[in-house]
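Structure file query19.cif (mmCIF, C-alpha atoms) follows.
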data_my_file
#
loop_
_atom_site.group_PDB
_atom_site.id
_atom_site.type_symbol
_atom_site.label_atom_id
_atom_site.label_comp_id
_atom_site.auth_asym_id
_atom_site.auth_seq_id
_atom_site.Cartn_x
_atom_site.Cartn_y
_atom_site.Cartn_z
ATOM 1 C CA MET A 1 7.169 18.492 -20.347
ATOM 2 C CA ARG A 2 10.022 18.076 -22.827
ATOM 3 C CA GLN A 3 8.820 18.325 -26.419
ATOM 4 C CA TRP A 4 10.236 16.130 -29.175
ATOM 5 C CA TYR A 5 7.453 15.265 -31.573
ATOM 6 C CA GLY A 6 4.758 17.746 -32.418
ATOM 7 C CA ARG A 7 2.952 18.996 -29.337
ATOM 8 C CA SER A 8 4.299 16.537 -26.763
ATOM 9 C CA TRP A 9 6.772 13.652 -26.617
ATOM 10 C CA TYR A 10 3.956 11.475 -25.250
ATOM 11 C CA ASN A 11 1.708 12.283 -28.224
ATOM 12 C CA ARG A 12 1.011 9.320 -30.502
ATOM 13 C CA GLU A 13 0.471 11.574 -33.495
ATOM 14 C CA VAL A 14 4.000 12.272 -34.763
ATOM 15 C CA THR A 15 4.335 15.343 -36.956
ATOM 16 C CA SER A 16 7.040 15.780 -39.560
ATOM 17 C CA VAL A 17 7.344 19.540 -39.038
ATOM 18 C CA GLN A 18 9.367 20.716 -36.047
ATOM 19 C CA PRO A 19 10.243 24.228 -34.925
ATOM 20 C CA PRO A 20 13.656 25.402 -36.166
ATOM 21 C CA ALA A 21 15.036 25.532 -32.622
ATOM 22 C CA VAL A 22 14.100 21.911 -32.024
ATOM 23 C CA ARG A 23 15.294 20.813 -35.465
ATOM 24 C CA CYS A 24 18.730 22.358 -35.011
ATOM 25 C CA ARG A 25 19.312 21.236 -31.449
ATOM 26 C CA ARG A 26 20.687 17.734 -31.013
ATOM 27 C CA ARG A 27 18.466 15.662 -28.781
ATOM 28 C CA GLY A 28 20.045 14.012 -25.757
ATOM 29 C CA TRP A 29 19.936 10.305 -25.115
ATOM 30 C CA TRP A 30 17.642 10.541 -22.112
ATOM 31 C CA PRO A 31 14.705 10.099 -21.847
ATOM 32 C CA VAL A 32 14.272 7.508 -24.588
ATOM 33 C CA PRO A 33 11.484 8.288 -27.092
ATOM 34 C CA PRO A 34 8.403 6.026 -26.894
ATOM 35 C CA SER A 35 8.861 2.939 -29.059
ATOM 36 C CA LEU A 36 6.766 -0.159 -29.742
ATOM 37 C CA LEU A 37 9.789 -2.468 -29.585
ATOM 38 C CA VAL A 38 11.035 -0.946 -26.334
ATOM 39 C CA GLY A 39 7.536 -1.243 -24.849
ATOM 40 C CA LEU A 40 7.386 -4.952 -25.722
ATOM 41 C CA ALA A 41 10.948 -5.737 -24.622
ATOM 42 C CA PRO A 42 10.368 -6.123 -20.821
ATOM 43 C CA LEU A 43 7.405 -8.417 -21.428
ATOM 44 C CA VAL A 44 9.399 -10.598 -23.835
ATOM 45 C CA VAL A 45 12.422 -10.771 -21.525
ATOM 46 C CA PHE A 46 10.193 -11.631 -18.554
ATOM 47 C CA ALA A 47 8.526 -14.427 -20.549
ATOM 48 C CA VAL A 48 11.875 -15.842 -21.701
ATOM 49 C CA VAL A 49 13.327 -15.821 -18.183
ATOM 50 C CA SER A 50 10.165 -17.459 -16.812
ATOM 51 C CA ILE A 51 10.410 -20.201 -19.447
ATOM 52 C CA VAL A 52 14.085 -20.846 -18.650
ATOM 53 C CA ARG A 53 13.640 -21.042 -14.884
ATOM 54 C CA SER A 54 10.384 -23.034 -14.921
ATOM 55 C CA ARG A 55 10.333 -26.778 -14.350
ATOM 56 C CA PRO A 56 7.435 -29.178 -15.041
ATOM 57 C CA SER A 57 8.131 -30.721 -11.643
ATOM 58 C CA ASP A 58 7.284 -27.439 -9.869
ATOM 59 C CA ASP A 59 4.224 -27.644 -7.621
ATOM 60 C CA TYR A 60 2.319 -24.621 -8.893
ATOM 61 C CA PRO A 61 -0.974 -25.498 -7.120
ATOM 62 C CA ALA A 62 0.899 -25.248 -3.793
ATOM 63 C CA LEU A 63 2.000 -21.676 -4.528
ATOM 64 C CA GLY A 64 1.588 -19.439 -1.501
ATOM 65 C CA ARG A 65 0.141 -22.056 0.835
ATOM 66 C CA THR A 66 2.947 -21.810 3.379
ATOM 67 C CA VAL A 67 5.233 -19.096 4.678
ATOM 68 C CA ASP A 68 8.215 -20.692 2.947
ATOM 69 C CA SER A 69 6.357 -20.811 -0.371
ATOM 70 C CA VAL A 70 5.300 -17.170 -0.067
ATOM 71 C CA VAL A 71 8.884 -16.076 0.577
ATOM 72 C CA ARG A 72 10.510 -18.381 -1.979
ATOM 73 C CA ASP A 73 7.964 -18.122 -4.823
ATOM 74 C CA LEU A 74 6.558 -14.614 -4.357
ATOM 75 C CA VAL A 75 8.489 -12.163 -2.213
ATOM 76 C CA VAL A 76 12.076 -12.900 -3.277
ATOM 77 C CA PRO A 77 11.644 -13.377 -7.070
ATOM 78 C CA GLU A 78 9.110 -10.558 -7.443
ATOM 79 C CA ALA A 79 11.328 -8.188 -5.436
ATOM 80 C CA VAL A 80 14.237 -8.958 -7.772
ATOM 81 C CA VAL A 81 12.105 -8.447 -10.898
ATOM 82 C CA ALA A 82 10.584 -5.250 -9.470
ATOM 83 C CA GLY A 83 14.051 -3.837 -8.807
ATOM 84 C CA ILE A 84 15.273 -4.666 -12.321
ATOM 85 C CA LEU A 85 12.117 -3.254 -13.903
ATOM 86 C CA ALA A 86 12.447 -0.066 -11.856
ATOM 87 C CA LEU A 87 16.008 0.367 -13.153
ATOM 88 C CA VAL A 88 14.810 -0.165 -16.733
ATOM 89 C CA VAL A 89 12.010 2.409 -16.433
ATOM 90 C CA THR A 90 14.437 4.854 -14.819
ATOM 91 C CA ALA A 91 16.949 4.336 -17.627
ATOM 92 C CA LEU A 92 14.219 4.934 -20.202
ATOM 93 C CA GLY A 93 12.963 8.013 -18.387
ATOM 94 C CA TRP A 94 9.408 6.694 -18.685
ATOM 95 C CA TRP A 95 8.206 6.944 -15.089
ATOM 96 C CA ARG A 96 5.681 9.679 -15.752
ATOM 97 C CA ILE A 97 4.279 8.438 -19.049
ATOM 98 C CA ALA A 98 4.226 4.835 -17.782
ATOM 99 C CA THR A 99 2.354 5.676 -14.587
ATOM 100 C CA VAL A 100 0.216 8.724 -15.375
ATOM 101 C CA ASP A 101 -2.336 9.235 -18.146
ATOM 102 C CA PRO A 102 -2.514 12.749 -19.620
ATOM 103 C CA ALA A 103 -6.321 12.653 -19.461
ATOM 104 C CA ARG A 104 -8.854 10.474 -17.686
ATOM 105 C CA GLY A 105 -11.228 8.289 -19.664
ATOM 106 C CA GLY A 106 -15.004 8.154 -19.476
ATOM 107 C CA PRO A 107 -17.956 7.806 -19.170
ATOM 108 C CA GLN A 108 -18.037 7.695 -15.412
ATOM 109 C CA TRP A 109 -20.456 4.750 -15.201
ATOM 110 C CA THR A 110 -17.649 2.474 -16.391
ATOM 111 C CA MET A 111 -16.109 2.870 -12.931
ATOM 112 C CA VAL A 112 -18.771 0.380 -11.813
ATOM 113 C CA ALA A 113 -16.672 -2.529 -13.128
ATOM 114 C CA PRO A 114 -13.550 -1.836 -10.986
ATOM 115 C CA LEU A 115 -15.758 -1.085 -7.973
ATOM 116 C CA LEU A 116 -17.589 -4.398 -8.364
ATOM 117 C CA VAL A 117 -14.258 -6.231 -8.631
ATOM 118 C CA LEU A 118 -13.268 -4.500 -5.395
ATOM 119 C CA ALA A 119 -16.522 -5.746 -3.860
ATOM 120 C CA VAL A 120 -15.679 -9.318 -4.936
ATOM 121 C CA CYS A 121 -12.263 -8.969 -3.305
ATOM 122 C CA LEU A 122 -13.888 -7.804 -0.086
ATOM 123 C CA GLY A 123 -16.339 -10.711 -0.278
ATOM 124 C CA ARG A 124 -13.412 -13.155 -0.311
ATOM 125 C CA LEU A 125 -11.961 -11.923 2.952
ATOM 126 C CA PRO A 126 -14.388 -13.843 5.234
ATOM 127 C CA LEU A 127 -13.465 -17.041 3.355
ATOM 128 C CA LEU A 128 -9.806 -16.867 4.350
ATOM 129 C CA ASP A 129 -8.554 -19.181 7.076
ATOM 130 C CA TRP A 130 -7.639 -16.382 9.466
ATOM 131 C CA GLY A 131 -7.376 -18.696 12.438
ATOM 132 C CA GLY A 132 -5.359 -21.383 10.695
ATOM 133 C CA LYS A 133 -2.626 -19.067 9.431
ATOM 134 C CA SER A 134 -0.231 -16.872 11.339
ATOM 135 C CA LEU A 135 -0.093 -13.086 11.140
ATOM 136 C CA ARG A 136 3.379 -13.432 9.623
ATOM 137 C CA TYR A 137 1.913 -15.451 6.753
ATOM 138 C CA PHE A 138 -0.684 -12.831 5.868
ATOM 139 C CA LEU A 139 1.819 -9.955 6.117
ATOM 140 C CA LEU A 140 4.263 -11.744 3.820
ATOM 141 C CA LEU A 141 1.439 -12.662 1.451
ATOM 142 C CA ALA A 142 0.352 -9.011 1.322
ATOM 143 C CA LEU A 143 3.922 -7.969 0.519
ATOM 144 C CA GLY A 144 4.277 -10.689 -2.115
ATOM 145 C CA VAL A 145 1.064 -9.861 -3.989
ATOM 146 C CA LEU A 146 1.870 -6.132 -3.807
ATOM 147 C CA LEU A 147 5.173 -6.854 -5.552
ATOM 148 C CA VAL A 148 3.312 -8.955 -8.131
ATOM 149 C CA GLY A 149 0.947 -6.046 -8.736
ATOM 150 C CA VAL A 150 3.814 -3.598 -9.160
ATOM 151 C CA VAL A 151 5.717 -5.857 -11.585
ATOM 152 C CA GLU A 152 2.824 -6.953 -13.781
ATOM 153 C CA GLU A 153 1.069 -3.581 -13.890
ATOM 154 C CA LEU A 154 4.209 -1.553 -14.535
ATOM 155 C CA MET A 155 5.120 -4.015 -17.266
ATOM 156 C CA THR A 156 1.715 -4.378 -18.983
ATOM 157 C CA ARG A 157 -0.369 -1.324 -18.036
ATOM 158 C CA GLY A 158 2.755 0.848 -17.916
ATOM 159 C CA VAL A 159 5.692 0.258 -20.262
ATOM 160 C CA LEU A 160 3.679 -1.865 -22.696
ATOM 161 C CA LEU A 161 0.948 0.796 -23.007
ATOM 162 C CA VAL A 162 3.544 3.445 -23.796
ATOM 163 C CA GLY A 163 4.971 1.303 -26.585
ATOM 164 C CA LEU A 164 1.619 0.302 -28.027
ATOM 165 C CA ARG A 165 0.316 3.864 -27.980
ATOM 166 C CA ARG A 166 3.286 4.938 -30.074
ATOM 167 C CA ARG A 167 1.955 3.059 -33.118
ATOM 168 C CA LEU A 168 -1.614 1.913 -32.520
ATOM 169 C CA PRO A 169 -5.016 3.470 -31.860
ATOM 170 C CA GLU A 170 -6.306 3.128 -28.317
ATOM 171 C CA ILE A 171 -8.779 0.337 -29.123
ATOM 172 C CA TRP A 172 -5.864 -1.863 -30.206
ATOM 173 C CA VAL A 173 -3.809 -0.724 -27.225
ATOM 174 C CA TRP A 174 -6.605 -1.900 -24.943
ATOM 175 C CA ALA A 175 -7.117 -5.211 -26.760
ATOM 176 C CA LEU A 176 -3.451 -6.181 -27.129
ATOM 177 C CA SER A 177 -2.505 -5.178 -23.587
ATOM 178 C CA CYS A 178 -5.328 -7.355 -22.215
ATOM 179 C CA VAL A 179 -4.505 -10.327 -24.466
ATOM 180 C CA LEU A 180 -0.772 -10.202 -23.754
ATOM 181 C CA PHE A 181 -1.483 -9.921 -20.027
ATOM 182 C CA GLY A 182 -3.670 -13.018 -20.261
ATOM 183 C CA LEU A 183 -1.171 -15.008 -22.331
ATOM 184 C CA LEU A 184 1.513 -14.200 -19.790
ATOM 185 C CA HIS A 185 -0.324 -16.492 -17.356
ATOM 186 C CA PHE A 186 -0.068 -19.415 -19.781
ATOM 187 C CA LEU A 187 3.542 -19.752 -18.629
ATOM 188 C CA ASN A 188 2.154 -21.325 -15.445
ATOM 189 C CA VAL A 189 1.828 -24.576 -17.413
ATOM 190 C CA LEU A 190 5.609 -24.813 -17.378
ATOM 191 C CA SER A 191 5.519 -24.625 -13.570
ATOM 192 C CA GLY A 192 3.234 -27.624 -13.162
ATOM 193 C CA ALA A 193 -0.199 -26.006 -13.506
ATOM 194 C CA PRO A 194 -2.882 -28.152 -15.220
ATOM 195 C CA VAL A 195 -3.445 -27.127 -18.835
ATOM 196 C CA ALA A 196 -7.248 -26.889 -18.587
ATOM 197 C CA THR A 197 -7.040 -24.781 -15.441
ATOM 198 C CA THR A 198 -4.411 -22.550 -17.026
ATOM 199 C CA VAL A 199 -6.531 -21.935 -20.137
ATOM 200 C CA LEU A 200 -9.367 -20.737 -17.903
ATOM 201 C CA GLN A 201 -6.890 -18.594 -15.998
ATOM 202 C CA VAL A 202 -5.740 -17.004 -19.267
ATOM 203 C CA VAL A 203 -9.335 -16.145 -20.197
ATOM 204 C CA PHE A 204 -10.036 -14.699 -16.750
ATOM 205 C CA ALA A 205 -6.740 -12.773 -16.735
ATOM 206 C CA THR A 206 -7.486 -11.277 -20.161
ATOM 207 C CA SER A 207 -10.876 -9.988 -19.034
ATOM 208 C CA PHE A 208 -9.434 -8.905 -15.675
ATOM 209 C CA GLY A 209 -6.841 -6.932 -17.633
ATOM 210 C CA SER A 210 -9.679 -4.880 -19.099
ATOM 211 C CA VAL A 211 -10.836 -3.964 -15.581
ATOM 212 C CA LEU A 212 -7.281 -2.986 -14.648
ATOM 213 C CA TYR A 213 -7.052 -0.903 -17.838
ATOM 214 C CA LEU A 214 -10.250 0.854 -16.758
ATOM 215 C CA ALA A 215 -8.816 1.480 -13.299
ATOM 216 C CA ARG A 216 -5.848 3.261 -14.855
ATOM 217 C CA ARG A 217 -7.848 5.239 -17.412
ATOM 218 C CA LEU A 218 -10.534 6.382 -14.977
ATOM 219 C CA THR A 219 -8.166 7.374 -12.154
ATOM 220 C CA GLY A 220 -5.411 8.680 -14.401
ATOM 221 C CA ASN A 221 -2.569 6.787 -12.732
ATOM 222 C CA LEU A 222 -1.124 3.293 -12.273
ATOM 223 C CA LEU A 223 -1.572 3.093 -8.498
ATOM 224 C CA ALA A 224 -5.233 2.024 -8.699
ATOM 225 C CA PRO A 225 -4.626 -1.063 -10.914
ATOM 226 C CA VAL A 226 -1.578 -2.027 -8.810
ATOM 227 C CA LEU A 227 -3.604 -2.056 -5.594
ATOM 228 C CA LEU A 228 -6.620 -3.736 -7.210
ATOM 229 C CA HIS A 229 -4.386 -6.420 -8.732
ATOM 230 C CA ALA A 230 -2.681 -7.054 -5.383
ATOM 231 C CA PHE A 231 -6.008 -7.225 -3.521
ATOM 232 C CA TRP A 232 -7.361 -9.706 -6.076
ATOM 233 C CA ASP A 233 -4.326 -12.005 -5.758
ATOM 234 C CA PHE A 234 -4.387 -11.755 -1.965
ATOM 235 C CA GLY A 235 -7.901 -13.183 -1.836
ATOM 236 C CA ALA A 236 -7.316 -15.770 -4.565
ATOM 237 C CA ILE A 237 -4.144 -17.181 -2.997
ATOM 238 C CA GLY A 238 -5.495 -16.869 0.537
ATOM 239 C CA VAL A 239 -8.637 -18.856 -0.287
ATOM 240 C CA SER A 240 -6.653 -21.587 -2.064
ATOM 241 C CA ALA A 241 -4.333 -21.819 0.953
ATOM 242 C CA SER A 242 -7.204 -22.273 3.420
ATOM 243 C CA ALA A 243 -7.539 -25.598 5.145
ATOM 244 C CA PRO A 244 -9.983 -28.118 3.573
ATOM 245 C CA GLY A 245 -13.457 -27.779 5.014
ATOM 246 C CA SER A 246 -12.884 -24.233 6.257
ATOM 247 C CA VAL A 247 -14.253 -22.624 3.097
ATOM 248 C CA ASP A 248 -17.953 -22.159 2.350
ATOM 249 C CA VAL A 249 -18.257 -23.841 -1.061
ATOM 250 C CA LEU A 250 -21.635 -22.231 -1.783
ATOM 251 C CA LEU A 251 -20.311 -18.747 -1.152
ATOM 252 C CA VAL A 252 -17.267 -19.452 -3.313
ATOM 253 C CA GLY A 253 -19.553 -20.557 -6.146
ATOM 254 C CA LEU A 254 -21.720 -17.441 -5.863
ATOM 255 C CA LEU A 255 -18.649 -15.207 -5.871
ATOM 256 C CA GLY A 256 -17.403 -17.073 -8.932
ATOM 257 C CA LEU A 257 -20.620 -16.394 -10.845
ATOM 258 C CA ALA A 258 -20.568 -12.758 -9.778
ATOM 259 C CA THR A 259 -16.950 -12.506 -10.910
ATOM 260 C CA ILE A 260 -17.812 -13.783 -14.407
ATOM 261 C CA ALA A 261 -20.564 -11.174 -14.767
ATOM 262 C CA VAL A 262 -18.321 -8.375 -13.481
ATOM 263 C CA LEU A 263 -15.443 -9.297 -15.795
ATOM 264 C CA LEU A 264 -17.779 -9.362 -18.802
ATOM 265 C CA LEU A 265 -18.904 -5.868 -17.830
ATOM 266 C CA GLY A 266 -15.255 -4.874 -17.559
ATOM 267 C CA VAL A 267 -14.539 -6.053 -21.101
ATOM 268 C CA VAL A 268 -17.464 -4.067 -22.516
ATOM 269 C CA ALA A 269 -16.633 -0.953 -20.490
ATOM 270 C CA GLY A 270 -12.913 -1.112 -21.314
ATOM 271 C CA GLY A 271 -13.601 -1.428 -25.025
ATOM 272 C CA LEU A 272 -16.054 1.485 -24.870
ATOM 273 C CA VAL A 273 -13.554 3.773 -23.131
ATOM 274 C CA ALA A 274 -10.856 2.930 -25.695
ATOM 275 C CA TRP A 275 -13.310 3.387 -28.590
ATOM 276 C CA ARG A 276 -14.382 6.815 -27.338
ATOM 277 C CA ASP A 277 -10.759 7.807 -26.962
ATOM 278 C CA ASP A 278 -10.213 7.134 -30.679
ATOM 279 C CA ARG A 279 -13.107 9.359 -31.787
ATOM 280 C CA GLY A 280 -10.803 12.252 -32.681
ATOM 281 C CA ARG A 281 -8.569 9.974 -34.750
ATOM 282 C CA ARG A 282 -11.556 8.536 -36.630
ATOM 283 C CA LEU A 283 -12.874 12.023 -37.432
ATOM 284 C CA ARG A 284 -9.486 13.161 -38.685
ATOM 285 C CA ARG A 285 -9.191 10.145 -40.963
ATOM 286 C CA ARG A 286 -12.739 10.633 -42.248
ATOM 287 C CA TRP A 287 -12.204 14.256 -43.243
ATOM 288 C CA ARG A 288 -8.535 14.309 -44.174
ATOM 289 C CA THR A 289 -9.287 14.060 -47.941
ATOM 290 C CA VAL A 290 -11.618 17.066 -47.936
ATOM 291 C CA PRO A 291 -9.770 20.069 -49.455
ATOM 292 C CA PRO A 292 -9.644 23.264 -47.442
ATOM 293 C CA LEU A 293 -12.143 25.984 -48.228
ATOM 294 C CA GLY A 294 -9.464 28.225 -49.726
ATOM 295 C CA ALA A 295 -8.614 25.618 -52.364
ATOM 296 C CA ALA A 296 -11.782 26.541 -54.286
ATOM 297 C CA ALA A 297 -10.409 30.043 -54.878
ATOM 298 C CA VAL A 298 -7.224 28.790 -56.569
ATOM 299 C CA ARG A 299 -7.237 29.696 -60.276
ATOM 300 C CA GLY A 300 -5.003 29.052 -63.207
ATOM 301 C CA PRO A 301 -3.787 26.214 -65.397
ATOM 302 C CA ASP A 302 -2.976 24.003 -62.402
ATOM 303 C CA THR A 303 -6.644 23.723 -61.511
ATOM 304 C CA GLY A 304 -7.606 22.377 -64.882
ATOM 305 C CA LEU A 305 -9.693 25.433 -65.805
ATOM 306 C CA PRO A 306 -9.853 26.487 -69.455
ATOM 307 C CA ALA A 307 -7.838 29.481 -70.577
ATOM 308 C CA GLY A 308 -9.499 32.731 -69.720
ATOM 309 C CA ALA A 309 -11.708 31.138 -67.104
ATOM 310 C CA ASP A 310 -9.601 32.476 -64.246
ATOM 311 C CA ALA A 311 -11.156 35.938 -64.433
ATOM 312 C CA PRO A 312 -14.661 36.546 -63.074
ATOM 313 C CA VAL A 313 -17.311 37.243 -65.694
ATOM 314 C CA GLU A 314 -19.344 40.357 -65.159
ATOM 315 C CA LEU A 315 -22.960 39.985 -66.174
ATOM 316 C CA THR A 316 -24.768 43.098 -67.444
ATOM 317 C CA SER A 317 -28.346 43.546 -68.290
#
Once more with this new file: its structure as structure tokens, please.
Amino acid sequence: MRQWYGRSWYNREVTSVQPPAVRCRRRGWWPVPPSLLVGLAPLVVFAVVSIVRSRPSDDYPALGRTVDSVVRDLVVPEAVVAGILALVVTALGWWRIATVDPARGGPQWTMVAPLLVLAVCLGRLPLLDWGGKSLRYFLLLALGVLLVGVVEELMTRGVLLVGLRRRLPEIWVWALSCVLFGLLHFLNVLSGAPVATTVLQVVFATSFGSVLYLARRLTGNLLAPVLLHAFWDFGAIGVSASAPGSVDVLLVGLLGLATIAVLLLGVVAGGLVAWRDDRGRRLRRRWRTVPPLGAAAVRGPDTGLPAGADAPVELTS
């Protein structure tokens, strides 16, 4: 891996001392060094474009209920955004650091949260109106939500994480990436979504972001959160698009309660993984003011010792 700062160009701890060969050689323009502003830029641009193209007259609750809606509101726009985002990541040279973690997180029991979310997604499948929708609808819906997963995960659990890790400890990287992911869904208000419903969606998305963060940290790559995100949206949109009366309301309620408990577990587990990851940083900051052992052997006027005290005194009996 190409080295720019200290041990690795992905390292968040930037050192001021570089080897002479590196210091004398002019660095090329590609790949671009990790930067907080660059990491935030795609998210900001996406939010601005969404605000500009949104209309209060848009029927957001009808999103994905028909084949035309899936193509018009999911497949086409998300394919365009995914292509642009792919070009941006390629230009930055961030594909590896945006999609692969150098080390997996732990402890292993925290994997329970993503697995339980996967179980909730599987529990939604029987609730879908398989007989009332065509095979073409479900194939297009699967493609649409997969594109949504690629765009949102590459943007928030990919590029954004690289930028945040450049300046912040991992606990703040986890918290801010989850909060910004949740706030991104507040833009749905501009597309006709009810405010109260959108606020709940923001809260759920923020906690769901912690589960997706765990999926990346525990597997070491971005593919797991992309697929989990897509599977979640497939069930959510598919259930909302089912014909009235075809959905078991009791089962939906039970899955909703289970989802709340699982997402709370995901928040706790995600925070724990990020906190453990910062243990080395906390220890370094705790002991950085302790002088090295050799400093006690330094003698002379600079140490504040009285004249003549720099020589050992030999005691004789």
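In this model, the gap between CA of Gly271 (chain A) and CA of Arg217 (chain A) comes to 11.6 Å.
Non-sequential neighbours of region 149-164 of chain A (distance at most 7 Å, separation of 3 or more positions within a chain, all atoms listed in the file) are Pro34, Ser35, Leu36, Leu37, Val38, Gly39, Leu40, Pro42, Leu43, Val81, Ala82, Ile97, Ala98, Thr99, Val145, Leu146, Arg167, Leu168, Val173, Ser177, Phe181, Tyr213, Pro225, Val226, Leu227, His229 and Ala230 of chain A.
What separates CA of Val179 (chain A) from CA of Thr206 (chain A) is a distance of 5.3 Å.
What separates CA of Ile260 (chain A) from CA of Arg104 (chain A) is a distance of 26.1 Å.
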Apply the PyMOL selection byres ((chain A and resi 205) around 10) to the displayed file and report the matching residues as a VMD selection string. chain A and resid 178 to 186 199 to 204 206 to 211 263
Name the residues in contact with region 241-256 of chain A at a cut-off of 10 Å, using all atoms listed in the file, excluding same-chain residues fewer than 2 positions from it; report them as a PDB file with C-alpha atoms, in the coordinates of the input.
ATOM      1  CA  PRO A  61      -0.974 -25.498  -7.120  1.00  0.00           C
ATOM      2  CA  ALA A  62       0.899 -25.248  -3.793  1.00  0.00           C
ATOM      3  CA  LEU A  63       2.000 -21.676  -4.528  1.00  0.00           C
ATOM      4  CA  GLY A  64       1.588 -19.439  -1.501  1.00  0.00           C
ATOM      5  CA  ARG A  65       0.141 -22.056   0.835  1.00  0.00           C
ATOM      6  CA  THR A  66       2.947 -21.810   3.379  1.00  0.00           C
ATOM      7  CA  ALA A 119     -16.522  -5.746  -3.860  1.00  0.00           C
ATOM      8  CA  VAL A 120     -15.679  -9.318  -4.936  1.00  0.00           C
ATOM      9  CA  CYS A 121     -12.263  -8.969  -3.305  1.00  0.00           C
ATOM     10  CA  GLY A 123     -16.339 -10.711  -0.278  1.00  0.00           C
ATOM     11  CA  ARG A 124     -13.412 -13.155  -0.311  1.00  0.00           C
ATOM     12  CA  PRO A 126     -14.388 -13.843   5.234  1.00  0.00           C
ATOM     13  CA  LEU A 127     -13.465 -17.041   3.355  1.00  0.00           C
ATOM     14  CA  LEU A 128      -9.806 -16.867   4.350  1.00  0.00           C
ATOM     15  CA  ASP A 129      -8.554 -19.181   7.076  1.00  0.00           C
ATOM     16  CA  TRP A 130      -7.639 -16.382   9.466  1.00  0.00           C
ATOM     17  CA  GLY A 131      -7.376 -18.696  12.438  1.00  0.00           C
ATOM     18  CA  GLY A 132      -5.359 -21.383  10.695  1.00  0.00           C
ATOM     19  CA  LYS A 133      -2.626 -19.067   9.431  1.00  0.00           C
ATOM     20  CA  GLY A 235      -7.901 -13.183  -1.836  1.00  0.00           C
ATOM     21  CA  ALA A 236      -7.316 -15.770  -4.565  1.00  0.00           C
ATOM     22  CA  ILE A 237      -4.144 -17.181  -2.997  1.00  0.00           C
ATOM     23  CA  GLY A 238      -5.495 -16.869   0.537  1.00  0.00           C
ATOM     24  CA  VAL A 239      -8.637 -18.856  -0.287  1.00  0.00           C
ATOM     25  CA  ALA A 258     -20.568 -12.758  -9.778  1.00  0.00           C
ATOM     26  CA  THR A 259     -16.950 -12.506 -10.910  1.00  0.00           C
ATOM     27  CA  ILE A 260     -17.812 -13.783 -14.407  1.00  0.00           C
ATOM     28  CA  ALA A 261     -20.564 -11.174 -14.767  1.00  0.00           C
ATOM     29  CA  VAL A 262     -18.321  -8.375 -13.481  1.00  0.00           C
TER      30      VAL A 262
END
